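Structure file data.cif (mmCIF, C-alpha atoms and all ligand atoms) follows.
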data_start
loop_
_atom_site.label_atom_id
_atom_site.label_comp_id
_atom_site.auth_asym_id
_atom_site.auth_seq_id
_atom_site.Cartn_x
_atom_site.Cartn_y
_atom_site.Cartn_z
CA MET D 1 6.23 -10.92 -21.51
CA LYS D 2 8.69 -9.04 -19.29
CA LYS D 3 7.93 -8.95 -15.56
CA LEU D 4 7.24 -5.49 -14.13
CA VAL D 5 6.85 -5.06 -10.36
CA ILE D 6 5.53 -1.87 -8.81
CA LEU D 7 6.14 -0.95 -5.16
CA SER D 8 3.63 1.78 -4.32
CA GLY D 9 3.08 3.90 -1.23
CA ALA D 10 0.80 6.66 0.00
CA GLY D 11 2.13 9.13 -2.59
CA ILE D 12 0.33 7.37 -5.45
CA SER D 13 -2.98 8.09 -3.71
CA ALA D 14 -2.12 11.73 -2.84
CA GLU D 15 -3.63 13.05 -6.08
CA SER D 16 -6.83 11.19 -5.21
CA GLY D 17 -7.07 13.29 -2.04
CA ILE D 18 -5.82 10.71 0.46
CA SER D 19 -3.19 12.10 2.87
CA THR D 20 0.27 10.63 2.89
CA PHE D 21 1.89 9.87 6.24
CA ARG D 22 5.15 11.80 6.38
CA ASP D 23 4.62 14.80 4.13
CA ALA D 24 3.92 18.09 5.91
CA GLY D 25 0.37 17.92 7.27
CA GLY D 26 0.34 14.17 6.74
CA LEU D 27 -1.49 11.62 8.84
CA TRP D 28 1.36 11.24 11.32
CA ASP D 29 1.34 14.98 11.92
CA LYS D 30 -2.28 14.69 13.04
CA TYR D 31 -2.36 11.39 14.90
CA PRO D 32 0.19 9.76 17.23
CA VAL D 33 1.20 6.84 15.02
CA MET D 34 1.79 4.41 17.89
CA GLN D 35 -1.65 5.20 19.30
CA VAL D 36 -3.59 4.48 16.08
CA ALA D 37 -1.32 2.18 14.07
CA SER D 38 0.35 -0.22 16.51
CA ILE D 39 -0.84 -3.40 18.22
CA GLU D 40 -0.12 -1.79 21.62
CA GLY D 41 -2.29 1.18 20.68
CA TYR D 42 -5.14 -1.12 19.68
CA GLU D 43 -4.91 -3.13 22.89
CA ALA D 44 -4.79 0.07 24.96
CA ASP D 45 -7.82 1.70 23.30
CA PRO D 46 -9.54 -0.48 20.70
CA GLU D 47 -12.46 1.91 20.29
CA LEU D 48 -10.20 4.87 19.39
CA VAL D 49 -8.37 2.74 16.81
CA ILE D 50 -11.55 1.22 15.36
CA ASN D 51 -12.96 4.75 14.90
CA PHE D 52 -9.71 6.00 13.31
CA TYR D 53 -10.06 3.28 10.64
CA ASN D 54 -13.81 3.86 10.33
CA GLU D 55 -13.01 7.45 9.26
CA ARG D 56 -10.32 6.33 6.79
CA ARG D 57 -12.59 3.58 5.42
CA LYS D 58 -15.51 5.96 4.88
CA GLN D 59 -13.18 8.34 3.00
CA LEU D 60 -12.93 5.63 0.32
CA LEU D 61 -16.51 6.48 -0.67
CA ASP D 62 -15.42 10.03 -1.58
CA VAL D 63 -12.22 9.36 -3.52
CA LYS D 64 -11.38 7.66 -6.80
CA PRO D 65 -8.29 6.32 -8.54
CA ASN D 66 -6.09 8.91 -10.27
CA GLN D 67 -4.16 8.60 -13.55
CA GLY D 68 -1.25 7.12 -11.63
CA HIS D 69 -3.35 4.10 -10.57
CA VAL D 70 -4.93 3.87 -14.02
CA LEU D 71 -1.57 3.75 -15.80
CA CYS D 72 -0.34 1.05 -13.38
CA ALA D 73 -3.32 -1.02 -14.57
CA GLU D 74 -2.67 -0.13 -18.22
CA LEU D 75 0.88 -1.54 -17.96
CA GLU D 76 -0.77 -4.99 -17.84
CA LYS D 77 -1.25 -4.69 -21.61
CA TYR D 78 2.51 -4.75 -22.13
CA PHE D 79 3.99 -6.53 -19.09
CA ASP D 80 3.33 -9.25 -16.56
CA VAL D 81 2.59 -6.79 -13.74
CA THR D 82 2.43 -7.29 -9.99
CA VAL D 83 1.54 -4.32 -7.79
CA VAL D 84 3.03 -4.57 -4.30
CA THR D 85 1.41 -1.81 -2.31
CA GLN D 86 1.89 -0.49 1.21
CA ASN D 87 -1.45 1.27 0.83
CA VAL D 88 -4.58 -0.03 2.48
CA ASP D 89 -6.94 1.84 0.13
CA ASN D 90 -8.64 0.00 -2.76
CA LEU D 91 -7.66 2.43 -5.52
CA HIS D 92 -5.36 0.04 -7.40
CA GLU D 93 -8.24 -2.49 -7.54
CA ARG D 94 -10.72 0.15 -8.66
CA ALA D 95 -8.27 1.32 -11.37
CA GLY D 96 -8.25 -2.20 -12.81
CA SER D 97 -4.99 -3.76 -11.59
CA HIS D 98 -5.34 -7.52 -11.12
CA ASN D 99 -2.26 -8.82 -9.30
CA ILE D 100 -2.06 -6.80 -6.09
CA ILE D 101 -0.23 -7.67 -2.89
CA HIS D 102 -1.29 -5.50 0.07
CA LEU D 103 1.66 -5.63 2.47
CA HIS D 104 -0.07 -3.59 5.20
CA GLY D 105 -3.61 -4.92 4.91
CA GLU D 106 -6.82 -3.56 3.43
CA LEU D 107 -9.19 -0.89 4.78
CA THR D 108 -12.25 -2.62 3.30
CA LYS D 109 -11.59 -5.79 5.30
CA VAL D 110 -11.97 -6.75 8.97
CA CYS D 111 -10.69 -9.76 10.88
CA SER D 112 -10.42 -11.52 14.24
CA SER D 113 -8.65 -9.81 17.13
CA TYR D 114 -7.45 -13.22 18.38
CA ASN D 115 -5.85 -14.21 15.10
CA PRO D 116 -5.94 -11.44 12.48
CA ASN D 117 -4.52 -13.68 9.76
CA ASN D 118 -6.97 -16.57 10.15
CA PRO D 119 -8.61 -16.50 6.70
CA LYS D 120 -11.78 -18.02 8.15
CA TYR D 121 -12.56 -14.73 9.90
CA ILE D 122 -11.30 -12.18 7.33
CA LYS D 123 -14.32 -10.42 5.86
CA GLU D 124 -14.77 -7.84 3.08
CA LEU D 125 -17.14 -5.10 4.27
CA LYS D 126 -19.88 -3.81 2.01
CA PRO D 127 -20.04 0.02 1.91
CA GLU D 128 -23.12 0.01 4.16
CA GLU D 129 -21.03 -1.92 6.75
CA PHE D 130 -18.09 0.53 6.71
CA GLU D 131 -18.72 1.57 10.33
CA VAL D 132 -17.33 -1.11 12.70
CA LYS D 133 -18.50 -0.83 16.31
CA MET D 134 -17.26 -2.10 19.66
CA GLY D 135 -19.18 -5.32 20.26
CA ASP D 136 -19.16 -6.35 16.57
CA LYS D 137 -17.72 -9.85 16.69
CA ALA D 138 -15.62 -11.95 14.34
CA GLY D 139 -16.64 -15.58 13.80
CA ASP D 140 -14.39 -16.67 16.69
CA GLY D 141 -16.22 -14.40 19.13
CA SER D 142 -13.44 -11.82 19.34
CA GLN D 143 -13.87 -8.11 18.62
CA LEU D 144 -13.92 -7.42 14.89
CA ARG D 145 -10.82 -5.33 14.08
CA PRO D 146 -9.43 -3.64 10.96
CA PHE D 147 -7.51 -6.02 8.66
CA ILE D 148 -4.47 -3.75 8.87
CA VAL D 149 -0.85 -4.69 9.64
CA TRP D 150 0.08 -2.45 12.55
CA PHE D 151 3.56 -1.56 13.75
CA GLY D 152 4.69 -4.48 15.90
CA GLU D 153 2.87 -7.08 13.81
CA ASP D 154 4.19 -9.48 11.17
CA VAL D 155 3.93 -8.67 7.44
CA PRO D 156 2.70 -12.06 6.18
CA ARG D 157 2.68 -11.09 2.48
CA ILE D 158 6.33 -9.99 2.37
CA ALA D 159 7.44 -13.46 1.22
CA ASP D 160 5.04 -13.34 -1.76
CA ALA D 161 6.25 -9.82 -2.56
CA ALA D 162 9.92 -10.85 -2.41
CA TYR D 163 9.17 -13.80 -4.70
CA GLU D 164 7.72 -11.37 -7.27
CA ALA D 165 10.58 -8.86 -6.86
CA GLU D 166 13.12 -11.62 -7.58
CA LYS D 167 11.55 -12.07 -11.02
CA ALA D 168 11.39 -8.38 -11.97
CA ASP D 169 12.86 -7.15 -15.25
CA ILE D 170 11.60 -3.67 -14.34
CA PHE D 171 10.99 -2.45 -10.77
CA VAL D 172 9.04 0.79 -10.24
CA ILE D 173 9.03 2.54 -6.84
CA ILE D 174 6.22 5.09 -6.70
CA GLY D 175 5.02 7.35 -3.90
CA THR D 176 6.88 5.87 -0.95
CA SER D 177 9.50 7.42 1.30
CA MET D 178 11.09 3.95 1.68
CA ASN D 179 11.11 4.47 5.45
CA VAL D 180 9.27 1.35 6.54
CA TYR D 181 10.64 -2.20 6.51
CA PRO D 182 10.31 -4.90 5.35
CA ALA D 183 8.60 -3.13 2.38
CA ALA D 184 11.58 -0.85 1.76
CA GLY D 185 13.87 -3.88 1.69
CA LEU D 186 12.16 -5.37 -1.39
CA LEU D 187 14.60 -3.57 -3.67
CA ASN D 188 17.32 -5.94 -2.38
CA TYR D 189 15.49 -8.87 -3.99
CA VAL D 190 15.40 -7.27 -7.45
CA PRO D 191 17.92 -8.78 -9.91
CA TYR D 192 20.92 -6.50 -10.43
CA ASN D 193 20.37 -6.31 -14.18
CA ALA D 194 16.77 -5.13 -13.77
CA GLU D 195 15.85 -1.52 -14.57
CA VAL D 196 14.78 0.44 -11.48
CA TYR D 197 12.66 3.60 -11.63
CA LEU D 198 11.62 5.93 -8.83
CA ILE D 199 8.59 8.19 -9.29
CA ASP D 200 8.43 10.84 -6.59
CA PRO D 201 8.36 14.68 -6.69
CA LYS D 202 10.92 14.71 -3.88
CA ASP D 203 14.31 13.09 -3.41
CA VAL D 204 14.03 9.76 -1.58
CA TYR D 205 16.97 8.27 0.31
CA ILE D 206 17.41 4.67 -0.80
CA ASP D 207 20.32 2.75 0.68
CA THR D 208 21.71 1.16 -2.49
CA GLU D 209 24.61 1.43 -4.93
CA ARG D 210 22.48 0.45 -7.92
CA LYS D 211 21.40 2.78 -10.74
CA ILE D 212 17.91 4.19 -10.21
CA THR D 213 16.21 6.43 -12.78
CA HIS D 214 14.43 9.10 -10.73
CA ILE D 215 11.39 10.60 -12.47
CA LYS D 216 11.00 13.64 -10.22
CA LYS D 217 7.27 14.12 -10.77
CA GLY D 218 3.92 13.29 -9.18
CA ALA D 219 2.32 9.91 -9.81
CA SER D 220 0.17 10.79 -12.83
CA GLU D 221 2.80 12.77 -14.77
CA GLY D 222 5.50 10.42 -13.59
CA MET D 223 3.69 7.31 -14.81
CA LYS D 224 3.17 8.95 -18.21
CA GLU D 225 6.93 9.62 -18.43
CA LEU D 226 7.68 6.07 -17.29
CA MET D 227 5.46 4.66 -20.06
CA ARG D 228 7.45 6.71 -22.61
CA LEU D 229 10.81 5.61 -21.20
CA ILE D 230 10.02 1.88 -21.04
CA ALA D 231 8.26 1.91 -24.41
CA GLU D 232 11.53 3.24 -25.92
CA GLY D 233 13.47 0.63 -23.89
N1 LIG T 301 3.01 11.52 -6.39
C1 LIG T 301 4.01 10.66 -6.06
N2 LIG T 301 4.61 10.65 -4.86
C2 LIG T 301 4.19 11.55 -3.96
C3 LIG T 301 3.16 12.49 -4.21
C4 LIG T 301 2.56 12.45 -5.50
N3 LIG T 301 1.58 13.28 -5.85
N4 LIG T 301 2.98 13.26 -3.09
C5 LIG T 301 3.87 12.81 -2.17
N5 LIG T 301 4.60 11.80 -2.69
C6 LIG T 301 5.67 11.03 -2.05
C7 LIG T 301 6.41 11.75 -0.93
O1 LIG T 301 7.46 12.55 -1.46
C8 LIG T 301 6.94 10.56 -0.12
O2 LIG T 301 8.20 10.12 -0.64
O3 LIG T 301 5.07 9.91 -1.43
C9 LIG T 301 5.89 9.47 -0.35
C10 LIG T 301 5.00 9.25 0.85
O4 LIG T 301 5.78 8.75 1.90
P1 LIG T 301 5.07 8.33 3.26
O5 LIG T 301 4.10 9.40 3.67
O6 LIG T 301 6.14 7.91 4.21
O7 LIG T 301 4.17 7.05 2.87
P2 LIG T 301 4.65 5.55 2.71
O8 LIG T 301 6.07 5.51 2.21
O9 LIG T 301 3.62 4.88 1.90
O10 LIG T 301 4.59 4.99 4.22
C11 LIG T 301 4.89 3.62 4.37
O11 LIG T 301 4.34 3.78 6.69
O12 LIG T 301 3.00 4.47 8.41
C12 LIG T 301 3.29 3.42 7.59
O13 LIG T 301 1.81 1.71 7.09
C13 LIG T 301 2.10 3.04 6.77
O14 LIG T 301 2.11 2.05 4.57
C14 LIG T 301 2.60 3.14 5.34
C15 LIG T 301 4.10 3.06 5.51
#

Would it be possible to restate this file's structure as structure tokens?
Ligand code: APR
Amino acid sequence: MKKLVILSGAGISAESGISTFRDAGGLWDKYPVMQVASIEGYEADPELVINFYNERRKQLLDVKPNQGHVLCAELEKYFDVTVVTQNVDNLHERAGSHNIIHLHGELTKVCSSYNPNNPKYIKELKPEEFEVKMGDKAGDGSQLRPFIVWFGEDVPRIADAAYEAEKADIFVIIGTSMNVYPAAGLLNYVPYNAEVYLIDPKDVYIDTERKITHIKKGASEGMKELMRLIAEG
């Protein structure tokens, strides 16, 4: 089976009703990113940050995967698929994708504030636990914090993602402005003879000489067109 790697971003969840970050009216228009999505912001005001993620986590109860997520899962019938996502929502999982690498963490999980990547203290929250409070402790006695990779923190899964990208016969970039590294740098690991597709209703600046087929549509319509193009391939 050919290897197909998807790099997804907030745009794939837009049709599910989850705001992107950098579109007009996006999350970073409403919240100062360094206050709610950086390690300094968390250390300065943990309660504000914990509540910011409580709101985003609870939103998961009101949204569902869209056709874009569903078609990513359907590709597993025809390809060896790995989804590398920058998203922290669980919509790829709920759509049925199996091999998912979350580069920036997961909203449904919490971890230790001392050592966020210690697997001993990473915990999946049940929906009834979606509200984390100050004073809730991880197993090491530290404040329970969102299992999110904030600006200023390492991206531990980037090595796994690069390993997958190196094996790609087809690489699909969907719903990301390719602004944030190291995620945006994954394209550099993709073999030069691989086919690269971009699904995004807008133009996206990607610093590369290689040929990229831009399907200038939203995630759902774009994934349908992709399926037609690669089926013909
Ligand atoms: N379908 C597909 N793409 C869409 C849609 C849609 N319906 N709507 C918007 N987009 C595109 C936008 O044109 C844009 O290129 O999705 C992209 C969203 O870009 P960003 O808001 O920058 O989101 P993303 O690239 O995922 O951000 C990367 O930045 O703040 C950090 O950690 C955060 O993971 C996030 C990272």

Contacts of Val36 of chain D within 6 Å, only C-alpha atoms, excl. fewer than 3 positions in-chain, as a PDB file with C-alpha atoms, keeping the file's coordinate frame:
ATOM      1  CA  VAL D  33       1.200   6.840  15.020  1.00  0.00           C
ATOM      2  CA  GLY D  41      -2.290   1.180  20.680  1.00  0.00           C
ATOM      3  CA  VAL D  49      -8.370   2.740  16.810  1.00  0.00           C
TER       4      VAL D  49
END

Report as a PyMOL selection string all protein, DNA and RNA residues lying within 12 Å of segment 196-204 of chain D, evaluated on only C-alpha atoms, omitting residues in the same chain fewer than 4 positions from it. chain D and resi 4-12+14+23+68+165+168-179+184+186-192+208-227+229-230

Got time to write the residues from that selection, C-alpha atoms, as a tab-separated table (two decimals), in the coordinates of the input?
chain	number	residue	atom	x	y	z
D	4	LEU	CA	7.24	-5.49	-14.13
D	5	VAL	CA	6.85	-5.06	-10.36
D	6	ILE	CA	5.53	-1.87	-8.81
D	7	LEU	CA	6.14	-0.95	-5.16
D	8	SER	CA	3.63	1.78	-4.32
D	9	GLY	CA	3.08	3.90	-1.23
D	10	ALA	CA	0.80	6.66	0.00
D	11	GLY	CA	2.13	9.13	-2.59
D	12	ILE	CA	0.33	7.37	-5.45
D	14	ALA	CA	-2.12	11.73	-2.84
D	23	ASP	CA	4.62	14.80	4.13
D	68	GLY	CA	-1.25	7.12	-11.63
D	165	ALA	CA	10.58	-8.86	-6.86
D	168	ALA	CA	11.39	-8.38	-11.97
D	169	ASP	CA	12.86	-7.15	-15.25
D	170	ILE	CA	11.60	-3.67	-14.34
D	171	PHE	CA	10.99	-2.45	-10.77
D	172	VAL	CA	9.04	0.79	-10.24
D	173	ILE	CA	9.03	2.54	-6.84
D	174	ILE	CA	6.22	5.09	-6.70
D	175	GLY	CA	5.02	7.35	-3.90
D	176	THR	CA	6.88	5.87	-0.95
D	177	SER	CA	9.50	7.42	1.30
D	178	MET	CA	11.09	3.95	1.68
D	179	ASN	CA	11.11	4.47	5.45
D	184	ALA	CA	11.58	-0.85	1.76
D	186	LEU	CA	12.16	-5.37	-1.39
D	187	LEU	CA	14.60	-3.57	-3.67
D	188	ASN	CA	17.32	-5.94	-2.38
D	189	TYR	CA	15.49	-8.87	-3.99
D	190	VAL	CA	15.40	-7.27	-7.45
D	191	PRO	CA	17.92	-8.78	-9.91
D	192	TYR	CA	20.92	-6.50	-10.43
D	208	THR	CA	21.71	1.16	-2.49
D	209	GLU	CA	24.61	1.43	-4.93
D	210	ARG	CA	22.48	0.45	-7.92
D	211	LYS	CA	21.40	2.78	-10.74
D	212	ILE	CA	17.91	4.19	-10.21
D	213	THR	CA	16.21	6.43	-12.78
D	214	HIS	CA	14.43	9.10	-10.73
D	215	ILE	CA	11.39	10.60	-12.47
D	216	LYS	CA	11.00	13.64	-10.22
D	217	LYS	CA	7.27	14.12	-10.77
D	218	GLY	CA	3.92	13.29	-9.18
D	219	ALA	CA	2.32	9.91	-9.81
D	220	SER	CA	0.17	10.79	-12.83
D	221	GLU	CA	2.80	12.77	-14.77
D	222	GLY	CA	5.50	10.42	-13.59
D	223	MET	CA	3.69	7.31	-14.81
D	224	LYS	CA	3.17	8.95	-18.21
D	225	GLU	CA	6.93	9.62	-18.43
D	226	LEU	CA	7.68	6.07	-17.29
D	227	MET	CA	5.46	4.66	-20.06
D	229	LEU	CA	10.81	5.61	-21.20
D	230	ILE	CA	10.02	1.88	-21.04

Where's the centre, and what are the edge lengths in Å to one decimal, of a box along x, y and z enclosing all listed atoms of ligand LIG 301 (chain T) padded 4 Å per side, as AutoDock Vina command-line options?
--center_x 4.9 --center_y 7.5 --center_z 1.0 --size_x 14.6 --size_y 19.6 --size_z 22.8

Quick one: distance from atom C4 of ligand LIG 301 (chain T) to atom CA of Phe79 of chain D in Å, one decimal? 23.4 Å

Scan for residues within 12 Å of the point (-12.6, 8.3, 7.0) in the coordinates of the file, using only C-alpha atoms, and reply as a PyMOL selection string. chain D and resi 17-19+27+50-63+89+107-108+130-132

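Here the question is which of D:Lys3, D:Lys30, D:Arg228, D:Lys109 gets nearest to Arg145 of chain D using all atoms listed in the file, and that residue is D:Lys109.
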
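Proximity to Ala73 of chain D at 7 Å, evaluated using only C-alpha atoms and with sequence-adjacent residues fewer than 2 positions away removed, yields D:His69, D:Val70, D:Leu71, D:Leu75, D:Glu76, D:Ala95, D:Gly96, D:Ser97.
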
Between atom CA of Asp45 of chain D and atom CA of Ser13 of chain D, what is the spacing in Å? 28.2 Å

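Nearest to ligand LIG 301 (chain T) of all the residues D:Met34, D:Ala161, D:Met1, D:Ala44 is D:Met34, based on all atoms listed in the file.
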
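Counting only C-alpha atoms and all ligand atoms, the residue from D:Lys133, D:Lys126, D:Arg22, D:Lys77 that sits nearest to ligand LIG 301 (chain T) is D:Arg22.
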
Up to 12 Å from (-19.1, -5.7, 16.4) in the file's coordinates: name the residues, counting only C-alpha atoms, as a list in words. Pro46, Glu47, Ile50, Val110, Cys111, Ser112, Ser113, Glu129, Phe130, Glu131, Val132, Lys133, Met134, Gly135, Asp136, Lys137, Ala138, Gly139, Asp140, Gly141, Ser142, Gln143, Leu144, Arg145 and Pro146 of chain D

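Between atom O4 of ligand LIG 301 (chain T) and atom CA of Cys72 of chain D lies a distance of 18.2 Å.
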
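For the residues D:Ala159, D:Val81, D:Leu103, D:Ile122, ranking by smallest atom-to-atom distance to ligand LIG 301 (chain T) using all atoms listed in the file places D:Leu103 first.
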
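Comparing D:Asn90, D:Ser16, D:Asn193, D:Asn99 by their smallest distance to Asn66 of chain D, the closest is D:Ser16 (using only C-alpha atoms).
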
Do you know which residues are at most 10 Å from Ile158 of chain D counting all atoms listed in the file, after dropping those on the same chain fewer than 3 positions away, and could you put them as a ChimeraX atom specification? /D:84,101-104,154-155,161-164,181-183,185-186
